[in-house]
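Text of the file entry.txt, holding compact mmCIF, C-alpha atoms:
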```
# COMPACT_ATOMS: atom_id res chain seq x y z
CA MET A 1 4.66 -17.82 28.49
CA ASN A 2 2.76 -20.84 29.89
CA GLU A 3 5.08 -23.01 31.99
CA ASP A 4 2.65 -25.77 32.96
CA LYS A 5 1.26 -28.38 30.57
CA THR A 6 -2.24 -26.96 30.40
CA PRO A 7 -3.00 -26.03 26.77
CA LEU A 8 -3.15 -22.29 26.22
CA VAL A 9 -4.70 -22.81 22.78
CA SER A 10 -7.32 -25.33 21.74
CA VAL A 11 -7.43 -25.89 17.99
CA VAL A 12 -10.95 -26.92 16.96
CA CYS A 13 -11.27 -28.80 13.69
CA LEU A 14 -14.54 -30.07 12.21
CA THR A 15 -14.20 -32.72 9.54
CA TYR A 16 -16.35 -35.00 7.41
CA ASN A 17 -15.10 -37.09 4.51
CA HIS A 18 -11.86 -35.13 4.20
CA ALA A 19 -9.56 -38.12 3.66
CA PRO A 20 -7.63 -36.44 0.79
CA TYR A 21 -6.93 -33.37 2.95
CA ILE A 22 -6.92 -34.26 6.66
CA ARG A 23 -3.24 -35.25 6.90
CA GLU A 24 -2.12 -31.89 5.55
CA CYS A 25 -4.51 -30.20 7.96
CA MET A 26 -3.19 -32.01 11.06
CA ASP A 27 0.41 -31.61 9.94
CA GLY A 28 -0.21 -27.85 9.95
CA PHE A 29 -1.24 -28.08 13.61
CA LEU A 30 1.67 -30.26 14.61
CA MET A 31 4.31 -28.06 12.95
CA GLN A 32 3.43 -25.05 15.12
CA LYS A 33 6.44 -23.65 16.99
CA THR A 34 5.26 -22.19 20.28
CA ASP A 35 6.43 -21.68 23.84
CA PHE A 36 3.05 -22.85 25.16
CA PRO A 37 1.14 -26.16 24.96
CA ILE A 38 -1.71 -26.67 22.50
CA GLU A 39 -4.40 -29.30 22.04
CA VAL A 40 -6.30 -30.26 18.89
CA ILE A 41 -9.96 -31.17 19.29
CA ILE A 42 -10.95 -32.79 16.02
CA HIS A 43 -14.58 -33.72 15.49
CA ASP A 44 -15.21 -36.37 12.85
CA ASP A 45 -18.89 -36.50 11.90
CA ALA A 46 -19.05 -40.21 11.04
CA SER A 47 -16.92 -40.03 7.90
CA THR A 48 -17.19 -42.92 5.44
CA ASP A 49 -14.06 -42.34 3.33
CA GLY A 50 -11.25 -43.28 5.72
CA THR A 51 -10.93 -39.91 7.45
CA THR A 52 -11.66 -41.56 10.81
CA ASP A 53 -8.79 -44.03 10.45
CA ILE A 54 -6.34 -41.25 9.63
CA ILE A 55 -7.43 -39.27 12.70
CA LYS A 56 -7.02 -42.33 14.93
CA GLU A 57 -3.54 -42.89 13.49
CA TYR A 58 -2.48 -39.33 14.41
CA ALA A 59 -4.16 -39.58 17.82
CA SER A 60 -2.16 -42.71 18.63
CA LYS A 61 1.10 -40.97 17.67
CA TYR A 62 0.33 -37.67 19.44
CA PRO A 63 -2.06 -38.54 22.30
CA ASP A 64 -1.17 -35.42 24.30
CA ILE A 65 -2.13 -33.14 21.41
CA ILE A 66 -4.69 -34.81 19.13
CA LYS A 67 -7.95 -35.38 20.98
CA PRO A 68 -10.53 -36.86 18.61
CA ILE A 69 -14.29 -36.86 18.93
CA ILE A 70 -15.42 -39.70 16.67
CA GLN A 71 -19.11 -39.84 15.88
CA THR A 72 -20.74 -43.11 14.81
CA GLU A 73 -23.83 -41.31 13.52
CA ASN A 74 -23.71 -38.14 11.43
CA GLN A 75 -24.73 -35.31 13.76
CA TYR A 76 -25.32 -32.73 11.06
CA SER A 77 -27.88 -34.92 9.28
CA LYS A 78 -29.69 -35.34 12.61
CA HIS A 79 -29.84 -31.68 13.60
CA HIS A 80 -28.78 -29.64 10.52
CA ASP A 81 -26.87 -27.37 12.87
CA PHE A 82 -23.11 -26.76 12.73
CA ASN A 83 -23.38 -24.45 15.75
CA ARG A 84 -24.54 -27.35 17.92
CA ILE A 85 -21.51 -29.41 16.86
CA MET A 86 -19.09 -26.53 17.33
CA GLN A 87 -20.47 -25.64 20.75
CA SER A 88 -19.93 -29.21 21.98
CA CYS A 89 -16.28 -28.93 20.89
CA ILE A 90 -15.75 -25.51 22.48
CA GLU A 91 -17.17 -26.75 25.77
CA LYS A 92 -14.56 -29.54 25.80
CA ALA A 93 -11.73 -27.13 24.99
CA ILE A 94 -9.27 -26.42 27.81
CA GLY A 95 -7.45 -23.50 26.21
CA LYS A 96 -7.87 -19.82 26.94
CA TYR A 97 -7.92 -19.31 23.16
CA ILE A 98 -9.67 -21.15 20.34
CA ALA A 99 -8.01 -21.52 16.92
CA LEU A 100 -10.19 -22.59 14.00
CA CYS A 101 -9.42 -24.71 10.95
CA GLU A 102 -11.73 -27.15 9.18
CA GLY A 103 -10.44 -30.48 7.91
CA ASP A 104 -10.16 -29.45 4.27
CA ASP A 105 -8.07 -26.34 5.02
CA TYR A 106 -4.52 -26.16 6.39
CA TRP A 107 -1.89 -23.89 7.93
CA THR A 108 1.39 -23.05 6.20
CA ASP A 109 3.05 -20.73 8.71
CA SER A 110 4.73 -22.63 11.57
CA SER A 111 4.69 -19.50 13.75
CA LYS A 112 1.04 -18.65 13.10
CA LEU A 113 -0.21 -19.40 16.61
CA TYR A 114 2.84 -17.89 18.30
CA LYS A 115 2.39 -14.55 16.51
CA GLN A 116 -1.33 -14.36 17.22
CA ILE A 117 -1.11 -15.40 20.87
CA GLN A 118 1.81 -13.05 21.46
CA PHE A 119 -0.43 -10.18 20.36
CA LEU A 120 -3.58 -11.29 22.21
CA GLU A 121 -1.73 -11.90 25.48
CA LYS A 122 -0.44 -8.32 25.40
CA GLU A 123 -3.65 -6.65 24.19
CA SER A 124 -6.52 -7.67 26.46
CA ASP A 125 -9.03 -5.41 24.71
CA TYR A 126 -8.73 -7.48 21.53
CA GLY A 127 -10.87 -10.59 21.31
CA LEU A 128 -9.95 -11.99 17.91
CA CYS A 129 -6.89 -12.07 15.67
CA TYR A 130 -6.85 -13.13 12.01
CA THR A 131 -4.56 -13.12 8.97
CA LYS A 132 -4.62 -13.54 5.22
CA VAL A 133 -4.91 -16.97 3.60
CA GLU A 134 -4.48 -18.22 0.06
CA ARG A 135 -7.56 -19.63 -1.67
CA LEU A 136 -6.93 -22.87 -3.52
CA ASP A 137 -9.25 -23.87 -6.36
CA VAL A 138 -9.31 -27.64 -5.91
CA SER A 139 -10.82 -28.32 -9.34
CA ARG A 140 -7.78 -26.73 -11.01
CA ASN A 141 -5.29 -27.36 -8.19
CA LYS A 142 -4.30 -23.71 -8.43
CA ILE A 143 -4.10 -20.80 -6.02
CA LYS A 144 -6.93 -18.50 -7.06
CA ASP A 145 -6.21 -15.44 -4.92
CA LYS A 146 -5.59 -14.21 -1.38
CA TRP A 147 -8.34 -13.59 1.13
CA GLY A 148 -8.15 -11.39 4.21
CA GLN A 149 -7.82 -7.67 4.71
CA PRO A 150 -8.13 -5.27 7.63
CA LEU A 151 -11.50 -3.90 8.71
CA LEU A 152 -11.95 -0.30 7.63
CA ASN A 153 -14.01 0.32 10.77
CA LYS A 154 -16.45 -1.61 12.94
CA ALA A 155 -19.40 -0.91 10.65
CA SER A 156 -17.58 -2.22 7.57
CA LEU A 157 -17.99 -5.82 8.79
CA LEU A 158 -21.73 -5.41 8.25
CA LEU A 159 -21.22 -5.14 4.50
CA THR A 160 -18.44 -7.64 3.79
CA ASN A 161 -16.57 -10.48 5.50
CA PRO A 162 -12.77 -10.15 5.19
CA ILE A 163 -12.05 -12.68 7.97
CA PRO A 164 -10.95 -16.16 6.79
CA THR A 165 -12.07 -18.81 9.27
CA PRO A 166 -8.88 -20.94 9.15
CA SER A 167 -6.82 -17.92 10.16
CA VAL A 168 -8.79 -17.04 13.30
CA VAL A 169 -7.75 -17.21 16.94
CA ILE A 170 -10.43 -16.04 19.38
CA ARG A 171 -10.76 -15.90 23.17
CA LYS A 172 -12.80 -18.84 24.46
CA LYS A 173 -14.73 -16.57 26.82
CA ILE A 174 -16.06 -14.56 23.89
CA TYR A 175 -17.07 -17.76 22.12
CA MET A 176 -19.01 -18.99 25.16
CA ASP A 177 -20.61 -15.57 25.74
CA TYR A 178 -21.72 -15.62 22.10
CA TYR A 179 -23.49 -18.96 22.54
CA ASN A 180 -25.13 -17.85 25.79
CA GLU A 181 -26.26 -14.42 24.59
CA ILE A 182 -27.08 -15.00 20.92
CA SER A 183 -28.18 -18.69 20.89
CA PRO A 184 -27.19 -19.16 17.22
CA SER A 185 -28.66 -22.68 17.05
CA LYS A 186 -32.13 -21.18 17.41
CA ARG A 187 -31.74 -18.71 14.55
CA ASN A 188 -31.49 -20.96 11.48
CA TRP A 189 -28.52 -19.05 10.06
CA ALA A 190 -26.80 -20.53 7.01
CA MET A 191 -23.30 -19.91 8.39
CA GLY A 192 -21.62 -20.27 11.75
CA ASP A 193 -18.53 -18.08 11.56
CA TYR A 194 -19.76 -14.69 10.30
CA PRO A 195 -22.23 -14.04 13.16
CA LEU A 196 -19.44 -14.86 15.63
CA TRP A 197 -17.21 -12.26 13.97
CA LEU A 198 -19.99 -9.66 14.22
CA TYR A 199 -20.61 -10.44 17.88
CA THR A 200 -16.89 -10.20 18.66
CA ASN A 201 -16.70 -6.94 16.74
CA TYR A 202 -19.31 -5.39 19.04
CA VAL A 203 -18.03 -6.67 22.39
CA SER A 204 -14.30 -6.36 21.67
CA ASN A 205 -11.72 -5.32 19.09
CA ILE A 206 -10.45 -7.37 16.15
CA LYS A 207 -6.81 -7.47 15.01
CA PHE A 208 -5.57 -8.18 11.48
CA LEU A 209 -2.00 -9.44 11.03
CA ASP A 210 -0.74 -8.82 7.49
CA ILE A 211 0.73 -12.29 6.96
CA ILE A 212 -0.35 -15.39 5.03
CA SER A 213 -0.87 -18.22 7.49
CA GLY A 214 -2.75 -20.91 5.60
CA VAL A 215 -4.79 -22.18 2.68
CA TYR A 216 -8.56 -22.17 2.28
CA ARG A 217 -9.75 -24.79 -0.20
CA ILE A 218 -12.55 -23.90 -2.61
CA ILE A 219 -14.38 -27.17 -3.17
CA THR A 220 -17.30 -27.43 -5.57
CA ASN A 221 -20.67 -27.66 -3.81
CA SER A 222 -19.38 -26.55 -0.41
CA ALA A 223 -21.85 -24.22 1.34
CA SER A 224 -20.20 -20.97 0.28
CA HIS A 225 -19.37 -21.96 -3.31
CA GLN A 226 -22.64 -23.16 -4.77
CA SER A 227 -22.68 -23.07 -8.54
CA ILE A 228 -26.44 -22.68 -8.71
CA ILE A 229 -27.46 -19.02 -8.88
CA GLU A 230 -30.54 -19.44 -6.70
CA ASN A 231 -28.49 -21.00 -3.89
CA GLN A 232 -25.94 -18.20 -4.13
CA ILE A 233 -28.73 -15.66 -3.75
CA ASP A 234 -30.19 -17.48 -0.73
CA PHE A 235 -26.73 -17.58 0.85
CA THR A 236 -26.28 -13.83 0.35
CA ILE A 237 -29.74 -13.11 1.77
CA SER A 238 -28.85 -15.09 4.90
CA PHE A 239 -25.51 -13.25 5.13
CA LYS A 240 -27.20 -9.85 5.04
CA LYS A 241 -29.99 -10.84 7.42
CA ILE A 242 -27.33 -11.84 9.95
CA ALA A 243 -25.64 -8.46 9.52
CA LEU A 244 -28.99 -6.70 9.92
CA PHE A 245 -29.70 -8.66 13.11
CA PHE A 246 -26.47 -7.43 14.72
CA ALA A 247 -26.81 -3.88 13.41
CA ASN A 248 -30.25 -3.60 14.97
CA ARG A 249 -29.41 -5.49 18.17
CA TYR A 250 -26.41 -3.41 19.11
CA ASN A 251 -27.61 -0.17 17.54
CA ASN A 252 -24.12 0.56 16.24
CA GLY A 253 -24.93 0.32 12.55
CA ASN A 254 -25.81 3.79 11.36
CA LYS A 255 -29.03 4.28 9.40
CA ASP A 256 -27.19 4.36 6.08
CA HIS A 257 -25.73 0.90 6.69
CA ILE A 258 -29.07 -0.50 7.85
CA ASN A 259 -30.81 0.96 4.79
CA THR A 260 -28.12 -0.51 2.54
CA LEU A 261 -28.49 -3.96 4.14
CA ASN A 262 -32.25 -3.84 3.66
CA ASP A 263 -31.80 -2.80 0.03
CA ILE A 264 -29.39 -5.68 -0.61
CA ILE A 265 -31.74 -8.23 0.94
CA ARG A 266 -34.68 -6.96 -1.11
CA PHE A 267 -32.60 -6.85 -4.28
CA LYS A 268 -31.45 -10.45 -3.79
CA LEU A 269 -35.08 -11.49 -3.31
CA PHE A 270 -35.96 -9.56 -6.48
CA GLN A 271 -33.18 -11.45 -8.30
CA LYS A 272 -34.44 -14.79 -7.03
CA TYR A 273 -38.06 -14.18 -8.00
CA PHE A 274 -37.03 -12.72 -11.35
CA ILE A 275 -34.85 -15.71 -12.24
CA THR A 276 -37.40 -18.29 -11.04
CA ASN A 277 -40.29 -16.41 -12.68
CA ASP A 278 -42.19 -16.20 -9.38
CA LYS A 279 -44.54 -13.44 -10.53
CA ASN A 280 -46.58 -13.11 -7.35
CA ASN A 281 -43.60 -12.66 -5.02
CA LEU A 282 -41.85 -10.51 -7.63
CA LYS A 283 -44.77 -8.10 -7.55
CA ILE A 284 -44.79 -8.02 -3.74
CA ILE A 285 -41.04 -7.37 -3.39
CA THR A 286 -41.14 -4.74 -6.15
CA ASN A 287 -43.85 -2.82 -4.33
CA GLU A 288 -41.90 -3.11 -1.07
CA ILE A 289 -38.73 -1.76 -2.70
CA LEU A 290 -40.48 1.14 -4.40
CA THR A 291 -42.20 2.22 -1.18
CA SER A 292 -39.39 1.54 1.32
CA SER A 293 -36.00 2.19 -0.26
CA LYS A 294 -34.24 5.54 0.19
CA ASN A 295 -31.95 4.90 -2.79
CA ILE A 296 -33.37 6.69 -5.84
CA LYS A 297 -31.08 5.03 -8.41
CA TYR A 298 -31.90 1.62 -6.96
CA LYS A 299 -35.66 2.32 -7.10
CA LEU A 300 -35.39 3.45 -10.73
CA PHE A 301 -33.55 0.25 -11.63
CA ILE A 302 -36.17 -1.93 -9.94
CA PHE A 303 -38.98 -0.02 -11.63
CA PHE A 304 -37.24 -0.35 -15.01
CA SER A 305 -36.54 -4.07 -14.46
CA TYR A 306 -40.06 -4.94 -13.34
CA PHE A 307 -41.87 -3.17 -16.16
CA MET A 308 -39.27 -3.96 -18.85
CA PRO A 309 -38.13 -7.49 -17.83
CA LYS A 310 -37.00 -8.47 -21.33
CA SER A 311 -34.47 -5.65 -21.58
CA LEU A 312 -30.92 -6.92 -22.17
CA ILE A 313 -29.60 -4.47 -19.57
CA THR A 314 -32.05 -5.81 -16.99
CA LYS A 315 -31.12 -9.43 -17.65
CA TYR A 316 -27.41 -8.63 -17.49
CA ILE A 317 -27.63 -6.85 -14.13
CA ILE A 318 -30.00 -9.41 -12.61
CA ASN A 319 -27.78 -12.34 -13.56
CA ARG A 320 -24.41 -10.68 -12.89
CA TYR A 321 -25.18 -9.10 -9.49
CA LYS A 322 -23.93 -5.69 -10.62
CA LEU A 323 -26.13 -3.52 -8.42
CA PHE A 324 -24.43 -4.39 -5.12
```

Turn this file's structure into structure tokens for me.
Amino acid sequence: MNEDKTPLVSVVCLTYNHAPYIRECMDGFLMQKTDFPIEVIIHDDASTDGTTDIIKEYASKYPDIIKPIIQTENQYSKHHDFNRIMQSCIEKAIGKYIALCEGDDYWTDSSKLYKQIQFLEKESDYGLCYTKVERLDVSRNKIKDKWGQPLLNKASLLLTNPIPTPSVVIRKKIYMDYYNEISPSKRNWAMGDYPLWLYTNYVSNIKFLDIISGVYRIITNSASHQSIIENQIDFTISFKKIALFFANRYNNGNKDHINTLNDIIRFKLFQKYFITNDKNNLKIITNEILTSSKNIKYKLFIFFSYFMPKSLITKYIINRYKLF
């Protein structure tokens, strides 16, 4: 497919203090069976647990593949922006395609890249290809479930994210266009992958391959697995605001989806203010919901919850997220 030695795929791996996991991660890259060259750009954000030494060991053994970026000062603590770090890696990437996998995740299918690139090389109107992964609960060392399913339609990505990051291969051009057009570093979003999926969904097509290609580790206190309810709510609010941004920007989300996104954001704010007993903001968001929402059942619930806050039904729904 690619007869010269120029990498067709650049694997980008961000890592920080992943010493228990980084060998398995890099072994997953190195076991790939392809008929094209790959490179691995691995960014270590000044780890303090020995991760850096492991990366250097692999780089010395596989200098044509493993290309480390070793920071001496933690970049995330300086800028609080994963997009800035990722963009610097993408700009260094030589490949036509970018494959993603963070240092605490790993690939299990040795033909993962071959299958995905084979499809993308044939189908130029597709910009991204992803698969299923298994989710590993690190605290119990047990596979929890599988993550990854096909999109029902383009609008469905506004409401849920079925795309596991460690399974993704995306065209580098789309990645660079995303940075240039959307400027994610300026938007203070709590996640870096989901807005990229939404952008790709609007400018191209997305392909799901029904295979299991890797493992996504669930680690306590990682950004998407906070155990504190308030942080979970804030994360969901950010998720839905991102979706709303793209729905409004590209005008492809129908009014029902936009109304639903607004309802979810307001409900999550209602949950937050209810749980934290923020009475002033609770009153404001309640009034906003009752005057703005088109969903009658939702408005009745909010009315019931606000004026009967001690009801057992209200407390159950507020704390268990059963409305959406």

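Separating atom CA of A:Arg84 from atom CA of A:Ile242 is a distance of 17.7 Å.
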
Coordinates-based distance that separates atom CA of A:Val11 from atom CA of A:Ile41 (Å, one decimal)
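Atom CA of A:Ile41 sits 6.0 Å away from atom CA of A:Val11.
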
Excluding A:Arg23 and residues on its chain fewer than 3 positions from it, collect all residues at most 12 Å away from it, counting only C-alpha atoms, and give them as a ChimeraX atom specification.
/A:15,18-20,26-30,50-59,102-107

Computed interatomic separation between atom CA of A:Glu134 and atom CA of A:Ser111 (Å)
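Interatomic distance here is 16.5 Å.
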
Please report as JSON lines every residue of stretch 39-130 of chain A lying within 7 Å of stretch 199-216 of chain A, along with the nearest atom pair and their distance in Å (one decimal), using all atoms listed in the file.
```
{"residue": "A:Asp105", "atom": "CA", "partner": "A:Tyr216", "partner_atom": "CA", "distance": 5.0}
{"residue": "A:Tyr106", "atom": "CA", "partner": "A:Val215", "partner_atom": "CA", "distance": 5.4}
{"residue": "A:Trp107", "atom": "CA", "partner": "A:Gly214", "partner_atom": "CA", "distance": 3.9}
{"residue": "A:Thr108", "atom": "CA", "partner": "A:Gly214", "partner_atom": "CA", "distance": 4.7}
{"residue": "A:Asp109", "atom": "CA", "partner": "A:Ser213", "partner_atom": "CA", "distance": 4.8}
{"residue": "A:Lys112", "atom": "CA", "partner": "A:Ser213", "partner_atom": "CA", "distance": 5.9}
{"residue": "A:Asp125", "atom": "CA", "partner": "A:Ser204", "partner_atom": "CA", "distance": 6.2}
{"residue": "A:Tyr126", "atom": "CA", "partner": "A:Asn205", "partner_atom": "CA", "distance": 4.4}
{"residue": "A:Gly127", "atom": "CA", "partner": "A:Ser204", "partner_atom": "CA", "distance": 5.5}
{"residue": "A:Leu128", "atom": "CA", "partner": "A:Ile206", "partner_atom": "CA", "distance": 5.0}
{"residue": "A:Cys129", "atom": "CA", "partner": "A:Lys207", "partner_atom": "CA", "distance": 4.6}
{"residue": "A:Tyr130", "atom": "CA", "partner": "A:Phe208", "partner_atom": "CA", "distance": 5.1}
```

Determine, for each residue of stretch 26-94 of chain A having at least one atom at most 7 Å from an atom of stretch 174-193 of chain A, the closest pair of atoms and their separation in Å to one decimal, counting all atoms listed in the file; order by chain and ascending number, as a tab-separated table.
```
residue	atom	partner	partner_atom	distance
A:Asp81	CA	A:Ser185	CA	6.5
A:Phe82	CA	A:Gly192	CA	6.7
A:Asn83	CA	A:Ser185	CA	5.7
A:Arg84	CA	A:Ser185	CA	6.3
```

Could you write out that same residue set with C-alpha atoms as an mmCIF file, in the coordinates of the input?
```
data_model
loop_
_atom_site.group_PDB
_atom_site.id
_atom_site.type_symbol
_atom_site.label_atom_id
_atom_site.label_comp_id
_atom_site.auth_asym_id
_atom_site.auth_seq_id
_atom_site.Cartn_x
_atom_site.Cartn_y
_atom_site.Cartn_z
ATOM 1 C CA ASP A 81 -26.870 -27.370 12.870
ATOM 2 C CA PHE A 82 -23.110 -26.760 12.730
ATOM 3 C CA ASN A 83 -23.380 -24.450 15.750
ATOM 4 C CA ARG A 84 -24.540 -27.350 17.920
#
```

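Here the question is which of A:Leu8, A:Leu198, A:Ile289, A:Val40 gets nearest to A:Phe270 using all atoms listed in the file, and that residue is A:Ile289.
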
Atoms are missing here; could stretch 19-30 of chain A be completed with N, CA and C atoms and written as an mmCIF file, keeping the file's coordinate frame?
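File written: out35.cif
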```cif
data_model
loop_
_atom_site.group_PDB
_atom_site.id
_atom_site.type_symbol
_atom_site.label_atom_id
_atom_site.label_comp_id
_atom_site.auth_asym_id
_atom_site.auth_seq_id
_atom_site.Cartn_x
_atom_site.Cartn_y
_atom_site.Cartn_z
ATOM 1 N N ALA A 19 -10.727 -37.241 3.726
ATOM 2 C CA ALA A 19 -9.560 -38.120 3.660
ATOM 3 C C ALA A 19 -8.433 -37.582 2.768
ATOM 4 N N PRO A 20 -8.738 -36.943 1.629
ATOM 5 C CA PRO A 20 -7.630 -36.440 0.790
ATOM 6 C C PRO A 20 -6.880 -35.259 1.417
ATOM 7 N N TYR A 21 -7.469 -34.635 2.447
ATOM 8 C CA TYR A 21 -6.930 -33.370 2.950
ATOM 9 C C TYR A 21 -6.504 -33.403 4.427
ATOM 10 N N ILE A 22 -7.030 -34.363 5.202
ATOM 11 C CA ILE A 22 -6.920 -34.260 6.660
ATOM 12 C C ILE A 22 -5.491 -34.408 7.162
ATOM 13 N N ARG A 23 -4.633 -35.147 6.466
ATOM 14 C CA ARG A 23 -3.240 -35.250 6.900
ATOM 15 C C ARG A 23 -2.548 -33.891 6.824
ATOM 16 N N GLU A 24 -2.742 -33.201 5.714
ATOM 17 C CA GLU A 24 -2.120 -31.890 5.550
ATOM 18 C C GLU A 24 -2.641 -30.915 6.600
ATOM 19 N N CYS A 25 -3.914 -31.042 6.927
ATOM 20 C CA CYS A 25 -4.510 -30.200 7.960
ATOM 21 C C CYS A 25 -3.855 -30.450 9.319
ATOM 22 N N MET A 26 -3.763 -31.696 9.741
ATOM 23 C CA MET A 26 -3.190 -32.010 11.060
ATOM 24 C C MET A 26 -1.697 -31.752 11.103
ATOM 25 N N ASP A 27 -1.025 -31.939 9.979
ATOM 26 C CA ASP A 27 0.410 -31.610 9.940
ATOM 27 C C ASP A 27 0.622 -30.114 10.192
ATOM 28 N N GLY A 28 -0.301 -29.293 9.703
ATOM 29 C CA GLY A 28 -0.210 -27.850 9.950
ATOM 30 C C GLY A 28 -0.332 -27.509 11.420
ATOM 31 N N PHE A 29 -1.133 -28.287 12.159
ATOM 32 C CA PHE A 29 -1.240 -28.080 13.610
ATOM 33 C C PHE A 29 0.041 -28.506 14.305
ATOM 34 N N LEU A 30 0.528 -29.666 13.925
ATOM 35 C CA LEU A 30 1.670 -30.260 14.610
ATOM 36 C C LEU A 30 2.979 -29.510 14.354
#
```
